[in-house]
Amino acid sequence: MNGLPSMSENFGEWYQQVILRAGLADYGPVKGTMIFKGYGYTLWKNVQKYLGEMIEKDGVEDVYFPMFIPQSYLSKEKEHVEGFAPEVAVVTHAGGEKLEEPLVIRPTSETIMYKTFANWIQSYRDLPLKINQWANVVRWEKRTTLFMRTSEFLWQEGHTAHATKESADADVFEALHRYDDFLRTYMAIPSIKGYKTSGEKFAGADYTTTLEVLLRSNKALQIGTSHQLGQNFAKAFDVKFVDENNQQQYAWQTSWGFSTRSLGGMIGVHGDDKGLQLPPRMAAVQIVIIPIFKTPEGAAKIKDMADKLIEKGKSVGIRMQADWSENTAGWKFNEWELRGVPLRIEIGERELAEEKLKVVRRVDGSSVVLQYANDIHKQLQELLDESQAMLFRRAEEFLNEHTRQVNSEAELVQALDEGMGFVVFFFNDDKKQADILQEKYKITPRVIPLATENEIGKDIFTGKEGKLTYFAKAY
RNA sequence: CGGGGAGUAGUUCAGUUGGCUAGAACGCUACUUUUGGGAAGUAGAGGUCGCAGGUUCGAGUCCUGUUUCCCCGACCA
């Protein structure tokens with residue numbers, strides 16, 4: 001074995017070690033900070049590329065706002081400041097002097113952006129306004145985990161302003177579905193889309209939507225969120241416009257974000273005891289070539305073949321590399337499995353002689369032998385696509401097998417005992433009852449799915465009207 | 001932020017009641033033999049013992065502070 005802790009027995013240890021050993025990241029010197037190494041940062045670059053393309057295609061313009069926010073800005077929206085005050089980092093000194101007004105390092109950019117929106121927006125003709133920025137934000141978390149919760153993290157935050165509530169609502173769901181599309185298509189992650197309960201919504205929002213994912217630790221992780229901010233911020237920051245009837249109106253606003261936490265989700269959803277498992281569309285290296293040779297002449301021939309494959313791969317958009325390190329073949333097999341590369345090609349004397357390639361899938365360890373031919377890359381691409389689909393299917397099965405609807409507290413207890421991750425029941429969105437459930441079973445309300453939004457049933461505790469709500473332990 | 005554990009070579013760790021020049025394994029470097037599931041030999045390099053202060057003739061070891069990581073809890077996008 002590779003010396004990794006077992007994922008099923010000790011997820012926390014496994015998670016940390018797989019990240020460090022696969023070379024995704026290191027710890028930074030300041031509490032809760034992390035260093036993205038090349039192998040890990042490439043994953044984020046792929047998020048920026050693919051999700052970025054989707055956002056731009058929907059007519060959202062990329063911008064960049066400063067990271068320093070005057071403290072007074074943050075205080076303007078009451079719920080917002082109460083929500084974020086405990087976790088902001090504040091700059092009090094700069095240039096060797098104490099600052100007149102302390103500067104908050106952005107925990108999110110609503111306040112600084114909307115102060116500016118007030119100037120940008122005058123007429124209904126200026127709406128809708130849709131912007132996005134890729135940035136780092138800082139939230140001083142008490143308990144941190146690589147990728148999933150770090151003091152400083154990277155994300156994109158989209159912000160839009162609209163003339164009507166309906167237009168803003170539509171944008172909230174457009175963003176949510178875009179995230180879902182990205183998660184499915186690129187990260188091979190199935191999620192539960194829906195609303196946050198009132199106790200879990202964004203500070204300052206009318207309502208918050210979310211995508212909840214189930215990790216293999218059986219804990220839920222929120223990946224991506226989209227908020228209807230109503231006119232709350234517009235009123236606080238005076239974002240007003242004149243409508244068609246020459247009436248002053250407050251704008252309706254939304255914000256939505258997707259962060260490096262998603263990479264933690266990807267690791268936690270697809271990994272196994274052998275290590276990481278990267279979906280082909282996200283992987284920095286999609287195919288690794290392991291040469292196996294006995295003589296320098298053999299090595300040279302294999303190198304010719306490998307170079308050609310890699311070169312051609314580059315031209316058709318398959319990310320390949322060969323491992324010519326002096327480690328033994330067995331060592332390399334284990335190493336690249338730990339690093340999560342979707343496909344491995346073994347080229348030895350046998351393959352050379354028969355003009356074949358042995359291709360091994362990371363997803364299930366199975367192998368196929370391909371005849372070396374002109375359309376070899378097409379076949380490789382098909383294998384990559386297959387792996388991508390298989391990962392999604394596997395994750396979906398896991399999600400289904402670990403989700404159960406219950407109709408009483410006894411059933412709930414039983415479901416948790418039997419290893420369910422999500423327990424689903426009619427719930428009245430009562431804060432007190434949620435607190436009791438957290439106290440007794442460590443579960444919190446994660447999401448009210450869009451899919452069953454209109455089903456009304458009796459809350460299994462109070463008998464009041466409630467909606468189907470997913471509960472789970474949160475990561 | 002509360003409770004617990006830890007920080008000594010790149011990594012994992014040993015280091016006894018304070019005592020001589022701080023150790024091992026793996027990894028790393030060079031050479032040789034190897035390469036189809038984590039190879040072997042020989043030689044070598046590598047340490048301000050997390051950081052700061054204190055006690056002492058003498059501190060990896062004792063004391064104080066501080067910082068980082070892990071686990072549990074509280075808080076939370």
# chains A, B, ... in the order shown; residues from 1 in each chain; ligands from 1

$ residues_around --residues "A:Glu244" --least-positions-apart "3" --cutoff "12 Å" --atoms "only C-alpha atoms (C1' of nucleotides)" --output "list in words"
Gln122, Ser123, Tyr124, Arg125, Asp126, Leu127, Ala163, Phe241, Gln247, Gln248 and Gln249 of chain A

$ residues_around --residues "A:Arg184" --least-positions-apart "5" --cutoff "12 Å" --atoms "only C-alpha atoms (C1' of nucleotides)" --output "ChimeraX atom specification"
/A:51,177-179,189-192,211,213,266,279,281-282,388-393,395-396

$ interface_residues --of "chain B" --to "chain A" --cutoff "6 Å" --atoms "only C-alpha atoms (C1' of nucleotides)" --output "ChimeraX atom specification"
/B:35,37-38

$ write_last_selection --atoms "N, CA and C atoms (P, O5', C5', C4', C3', O3' and C1' of nucleotides)" --output "PDB file, in the first residue's frame"
ATOM      1  P     U B  35      15.340  -5.095 -14.553  1.00  0.00           P
ATOM      2  O5'   U B  35      14.168  -4.091 -14.169  1.00  0.00           O
ATOM      3  C5'   U B  35      13.488  -4.235 -12.925  1.00  0.00           C
ATOM      4  C4'   U B  35      12.516  -3.094 -12.747  1.00  0.00           C
ATOM      5  C3'   U B  35      11.437  -3.033 -13.819  1.00  0.00           C
ATOM      6  O3'   U B  35      10.226  -2.602 -13.228  1.00  0.00           O
ATOM      7  C1'   U B  35      12.594  -1.000 -13.746  1.00  0.00           C
ATOM      8  P     G B  37       4.735  -5.737 -11.304  1.00  0.00           P
ATOM      9  O5'   G B  37       4.751  -4.188 -10.842  1.00  0.00           O
ATOM     10  C5'   G B  37       5.653  -3.744  -9.828  1.00  0.00           C
ATOM     11  C4'   G B  37       4.881  -3.292  -8.605  1.00  0.00           C
ATOM     12  C3'   G B  37       4.276  -4.423  -7.777  1.00  0.00           C
ATOM     13  O3'   G B  37       4.258  -4.022  -6.418  1.00  0.00           O
ATOM     14  C1'   G B  37       2.564  -3.018  -8.502  1.00  0.00           C
ATOM     15  P     G B  38       5.644  -4.057  -5.571  1.00  0.00           P
ATOM     16  O5'   G B  38       6.234  -2.611  -5.845  1.00  0.00           O
ATOM     17  C5'   G B  38       5.585  -1.468  -5.327  1.00  0.00           C
ATOM     18  C4'   G B  38       6.587  -0.357  -5.195  1.00  0.00           C
ATOM     19  C3'   G B  38       7.579  -0.542  -4.048  1.00  0.00           C
ATOM     20  O3'   G B  38       8.757   0.172  -4.419  1.00  0.00           O
ATOM     21  C1'   G B  38       6.335   1.414  -3.691  1.00  0.00           C
TER      22        G B  38
END

$ residues_around --residues "A:Trp134" --least-positions-apart "6" --cutoff "8 Å" --atoms "only C-alpha atoms (C1' of nucleotides)" --output "ChimeraX atom specification"
/A:62,64,154-157

$ closest_residue --among "B:U33, B:U66, B:U61, B:U56" --to "B:U8" --atoms "only C-alpha atoms (C1' of nucleotides)"
B:U61

$ residues_around --residues "B:G41" --least-positions-apart "2" --cutoff "12 Å" --atoms "only C-alpha atoms (C1' of nucleotides)" --output "short mmCIF file (atom, residue, chain, number, x, y, z; two decimals) with C-alpha atoms (C1' of nucleotides), in the first residue's frame"
data_model
loop_
_atom_site.label_atom_id
_atom_site.label_comp_id
_atom_site.auth_asym_id
_atom_site.auth_seq_id
_atom_site.Cartn_x
_atom_site.Cartn_y
_atom_site.Cartn_z
"C1'" C B 31 28.52 5.74 -8.62
"C1'" U B 32 27.01 0.64 -9.81
"C1'" U B 33 23.36 -3.04 -10.68
"C1'" U B 34 17.96 -2.43 -11.48
"C1'" A B 39 14.29 -2.58 -5.86
"C1'" A B 43 30.01 6.38 -0.23
#

$ residues_around --residues "B:A74" --least-positions-apart "5" --cutoff "12 Å" --atoms "only C-alpha atoms (C1' of nucleotides)" --output "list in words"
Lys142, Arg143, Gln438 and Glu439 of chain A; C1, G2 and G3 of chain B

$ atom_distance --atom1 "atom CA of A:Pro128" --atom2 "atom CA of A:Ala236"
19.1 Å

$ select_by_dssp --residues "stretch 103-313 of chain A" --states "strand (DSSP E)" --output "PyMOL selection string"
chain A and resi 103-105+129-138+152-162+192-195+207-214+220-230+240-242+248-250+252-259+287-291

$ closest_residue --among "B:C20, B:C71, B:A77, B:C63" --to "B:G5" --atoms "only C-alpha atoms (C1' of nucleotides)"
B:C71

$ residues_around --residues "A:Pro280" --least-positions-apart "4" --cutoff "10 Å" --atoms "only C-alpha atoms (C1' of nucleotides)" --output "PDB file with N, CA and C atoms, in the first residue's frame"
ATOM      1  N   TYR A 186     -17.976  19.359 -15.178  1.00  0.00           N
ATOM      2  CA  TYR A 186     -16.524  19.398 -15.029  1.00  0.00           C
ATOM      3  C   TYR A 186     -16.025  18.649 -13.805  1.00  0.00           C
ATOM      4  N   MET A 187     -16.704  18.854 -12.663  1.00  0.00           N
ATOM      5  CA  MET A 187     -16.210  18.214 -11.441  1.00  0.00           C
ATOM      6  C   MET A 187     -16.842  16.852 -11.199  1.00  0.00           C
ATOM      7  N   ALA A 188     -17.805  16.474 -12.020  1.00  0.00           N
ATOM      8  CA  ALA A 188     -18.488  15.183 -11.870  1.00  0.00           C
ATOM      9  C   ALA A 188     -19.116  15.034 -10.483  1.00  0.00           C
ATOM     10  N   ALA A 284      -4.974  18.273 -13.897  1.00  0.00           N
ATOM     11  CA  ALA A 284      -3.832  18.963 -14.491  1.00  0.00           C
ATOM     12  C   ALA A 284      -3.132  18.034 -15.475  1.00  0.00           C
ATOM     13  N   VAL A 285      -2.996  16.781 -15.082  1.00  0.00           N
ATOM     14  CA  VAL A 285      -2.456  15.756 -15.975  1.00  0.00           C
ATOM     15  C   VAL A 285      -3.567  14.737 -16.178  1.00  0.00           C
ATOM     16  N   GLN A 286      -3.985  14.556 -17.420  1.00  0.00           N
ATOM     17  CA  GLN A 286      -5.083  13.628 -17.682  1.00  0.00           C
ATOM     18  C   GLN A 286      -4.575  12.209 -17.911  1.00  0.00           C
ATOM     19  N   ILE A 287      -3.412  12.118 -18.536  1.00  0.00           N
ATOM     20  CA  ILE A 287      -2.838  10.807 -18.825  1.00  0.00           C
ATOM     21  C   ILE A 287      -1.348  10.843 -18.518  1.00  0.00           C
ATOM     22  N   ILE A 318      -5.404  17.074 -25.116  1.00  0.00           N
ATOM     23  CA  ILE A 318      -5.307  16.093 -24.029  1.00  0.00           C
ATOM     24  C   ILE A 318      -4.014  16.359 -23.268  1.00  0.00           C
ATOM     25  N   ARG A 319      -4.158  16.545 -21.969  1.00  0.00           N
ATOM     26  CA  ARG A 319      -2.991  16.897 -21.156  1.00  0.00           C
ATOM     27  C   ARG A 319      -2.259  15.625 -20.713  1.00  0.00           C
ATOM     28  N   GLY A 340      -3.988  11.010  -8.439  1.00  0.00           N
ATOM     29  CA  GLY A 340      -5.332  11.095  -8.998  1.00  0.00           C
ATOM     30  C   GLY A 340      -5.442  11.211 -10.501  1.00  0.00           C
ATOM     31  N   VAL A 341      -4.380  10.861 -11.222  1.00  0.00           N
ATOM     32  CA  VAL A 341      -4.427  10.976 -12.680  1.00  0.00           C
ATOM     33  C   VAL A 341      -5.377   9.928 -13.269  1.00  0.00           C
ATOM     34  N   PRO A 342      -6.316  10.360 -14.108  1.00  0.00           N
ATOM     35  CA  PRO A 342      -7.394   9.471 -14.578  1.00  0.00           C
ATOM     36  C   PRO A 342      -6.933   8.256 -15.370  1.00  0.00           C
ATOM     37  N   LEU A 343      -5.953   8.423 -16.251  1.00  0.00           N
ATOM     38  CA  LEU A 343      -5.500   7.296 -17.064  1.00  0.00           C
ATOM     39  C   LEU A 343      -3.984   7.174 -17.013  1.00  0.00           C
ATOM     40  N   GLN A 381      -9.465   9.910 -25.701  1.00  0.00           N
ATOM     41  CA  GLN A 381     -10.454  10.892 -25.274  1.00  0.00           C
ATOM     42  C   GLN A 381     -11.736  10.198 -24.829  1.00  0.00           C
ATOM     43  N   LEU A 383     -11.941   7.243 -23.539  1.00  0.00           N
ATOM     44  CA  LEU A 383     -11.689   6.647 -22.219  1.00  0.00           C
ATOM     45  C   LEU A 383     -11.757   7.700 -21.120  1.00  0.00           C
ATOM     46  N   LEU A 384     -11.252   8.902 -21.428  1.00  0.00           N
ATOM     47  CA  LEU A 384     -11.330   9.990 -20.453  1.00  0.00           C
ATOM     48  C   LEU A 384     -12.787  10.346 -20.169  1.00  0.00           C
ATOM     49  N   ASP A 385     -13.565  10.456 -21.238  1.00  0.00           N
ATOM     50  CA  ASP A 385     -14.981  10.791 -21.076  1.00  0.00           C
ATOM     51  C   ASP A 385     -15.713   9.719 -20.275  1.00  0.00           C
ATOM     52  N   GLU A 386     -15.353   8.472 -20.548  1.00  0.00           N
ATOM     53  CA  GLU A 386     -15.946   7.356 -19.810  1.00  0.00           C
ATOM     54  C   GLU A 386     -15.648   7.469 -18.319  1.00  0.00           C
ATOM     55  N   SER A 387     -14.391   7.771 -18.009  1.00  0.00           N
ATOM     56  CA  SER A 387     -14.001   7.910 -16.609  1.00  0.00           C
ATOM     57  C   SER A 387     -14.772   9.044 -15.952  1.00  0.00           C
ATOM     58  N   GLN A 388     -14.889  10.134 -16.694  1.00  0.00           N
ATOM     59  CA  GLN A 388     -15.616  11.293 -16.179  1.00  0.00           C
ATOM     60  C   GLN A 388     -17.055  10.879 -15.840  1.00  0.00           C
ATOM     61  N   ALA A 389     -17.678  10.153 -16.740  1.00  0.00           N
ATOM     62  CA  ALA A 389     -19.067   9.726 -16.537  1.00  0.00           C
ATOM     63  C   ALA A 389     -19.166   8.735 -15.380  1.00  0.00           C
ATOM     64  N   LEU A 391     -17.211   8.518 -12.789  1.00  0.00           N
ATOM     65  CA  LEU A 391     -17.054   9.216 -11.515  1.00  0.00           C
ATOM     66  C   LEU A 391     -18.366   9.858 -11.083  1.00  0.00           C
TER      67      LEU A 391
END

$ atom_distance --atom1 "atom CA of A:Gly204" --atom2 "atom CA of A:Ala251"
14.8 Å

$ residues_around --residues "B:C51" --least-positions-apart "2" --cutoff "12 Å" --atoms "only C-alpha atoms (C1' of nucleotides)" --output "VMD selection string"
chain B and resid 7 48 to 49 53 65 to 68

$ write_last_selection --atoms "N, CA and C atoms (P, O5', C5', C4', C3', O3' and C1' of nucleotides)" --output "PDB file, in the first residue's frame"
ATOM      1  P     G B   7       6.206  16.524  19.922  1.00  0.00           P
ATOM      2  O5'   G B   7       6.415  17.554  18.725  1.00  0.00           O
ATOM      3  C5'   G B   7       6.394  17.107  17.376  1.00  0.00           C
ATOM      4  C4'   G B   7       6.420  18.301  16.430  1.00  0.00           C
ATOM      5  C3'   G B   7       7.730  19.070  16.461  1.00  0.00           C
ATOM      6  O3'   G B   7       8.077  19.466  15.140  1.00  0.00           O
ATOM      7  C1'   G B   7       5.928  20.531  16.899  1.00  0.00           C
ATOM      8  P     U B  48      18.939  24.621  11.544  1.00  0.00           P
ATOM      9  O5'   U B  48      19.302  25.404  12.878  1.00  0.00           O
ATOM     10  C5'   U B  48      19.808  24.708  13.999  1.00  0.00           C
ATOM     11  C4'   U B  48      19.945  25.697  15.117  1.00  0.00           C
ATOM     12  C3'   U B  48      18.624  26.201  15.705  1.00  0.00           C
ATOM     13  O3'   U B  48      17.943  25.225  16.504  1.00  0.00           O
ATOM     14  C1'   U B  48      20.014  28.017  15.327  1.00  0.00           C
ATOM     15  P     C B  49      18.142  24.787  17.903  1.00  0.00           P
ATOM     16  O5'   C B  49      16.803  23.946  18.005  1.00  0.00           O
ATOM     17  C5'   C B  49      15.994  23.756  16.862  1.00  0.00           C
ATOM     18  C4'   C B  49      15.137  22.550  17.116  1.00  0.00           C
ATOM     19  C3'   C B  49      14.254  22.670  18.351  1.00  0.00           C
ATOM     20  O3'   C B  49      13.058  21.982  18.067  1.00  0.00           O
ATOM     21  C1'   C B  49      15.655  20.805  18.584  1.00  0.00           C
ATOM     22  P     G B  53      15.394  36.066  22.743  1.00  0.00           P
ATOM     23  O5'   G B  53      14.737  35.940  24.184  1.00  0.00           O
ATOM     24  C5'   G B  53      14.722  37.050  25.071  1.00  0.00           C
ATOM     25  C4'   G B  53      13.804  36.789  26.222  1.00  0.00           C
ATOM     26  C3'   G B  53      14.431  36.126  27.434  1.00  0.00           C
ATOM     27  O3'   G B  53      15.221  37.010  28.199  1.00  0.00           O
ATOM     28  C1'   G B  53      12.342  35.124  27.007  1.00  0.00           C
ATOM     29  P     G B  65       1.997  31.209  30.631  1.00  0.00           P
ATOM     30  O5'   G B  65       2.375  32.104  29.364  1.00  0.00           O
ATOM     31  C5'   G B  65       2.296  33.524  29.448  1.00  0.00           C
ATOM     32  C4'   G B  65       3.024  34.158  28.284  1.00  0.00           C
ATOM     33  C3'   G B  65       2.491  33.814  26.904  1.00  0.00           C
ATOM     34  O3'   G B  65       1.334  34.554  26.573  1.00  0.00           O
ATOM     35  C1'   G B  65       4.842  33.674  26.895  1.00  0.00           C
ATOM     36  P     U B  66       0.211  33.914  25.622  1.00  0.00           P
ATOM     37  O5'   U B  66       0.973  33.835  24.220  1.00  0.00           O
ATOM     38  C5'   U B  66       1.356  35.024  23.527  1.00  0.00           C
ATOM     39  C4'   U B  66       2.249  34.674  22.374  1.00  0.00           C
ATOM     40  C3'   U B  66       1.631  33.765  21.319  1.00  0.00           C
ATOM     41  O3'   U B  66       0.824  34.480  20.406  1.00  0.00           O
ATOM     42  C1'   U B  66       3.787  32.978  21.869  1.00  0.00           C
ATOM     43  P     U B  67      -0.429  33.789  19.693  1.00  0.00           P
ATOM     44  O5'   U B  67       0.254  32.907  18.573  1.00  0.00           O
ATOM     45  C5'   U B  67       0.943  33.535  17.489  1.00  0.00           C
ATOM     46  C4'   U B  67       1.706  32.499  16.713  1.00  0.00           C
ATOM     47  C3'   U B  67       0.877  31.344  16.171  1.00  0.00           C
ATOM     48  O3'   U B  67       0.206  31.685  14.972  1.00  0.00           O
ATOM     49  C1'   U B  67       2.809  30.492  17.193  1.00  0.00           C
ATOM     50  P     U B  68      -1.160  31.013  14.599  1.00  0.00           P
ATOM     51  O5'   U B  68      -0.686  29.612  14.003  1.00  0.00           O
ATOM     52  C5'   U B  68       0.040  29.571  12.785  1.00  0.00           C
ATOM     53  C4'   U B  68       0.571  28.188  12.547  1.00  0.00           C
ATOM     54  C3'   U B  68      -0.462  27.068  12.591  1.00  0.00           C
ATOM     55  O3'   U B  68      -1.176  26.972  11.372  1.00  0.00           O
ATOM     56  C1'   U B  68       1.389  26.429  13.872  1.00  0.00           C
TER      57        U B  68
END

$ atom_distance --atom1 "atom CA of A:Val316" --atom2 "atom CA of A:Tyr372"
16.5 Å
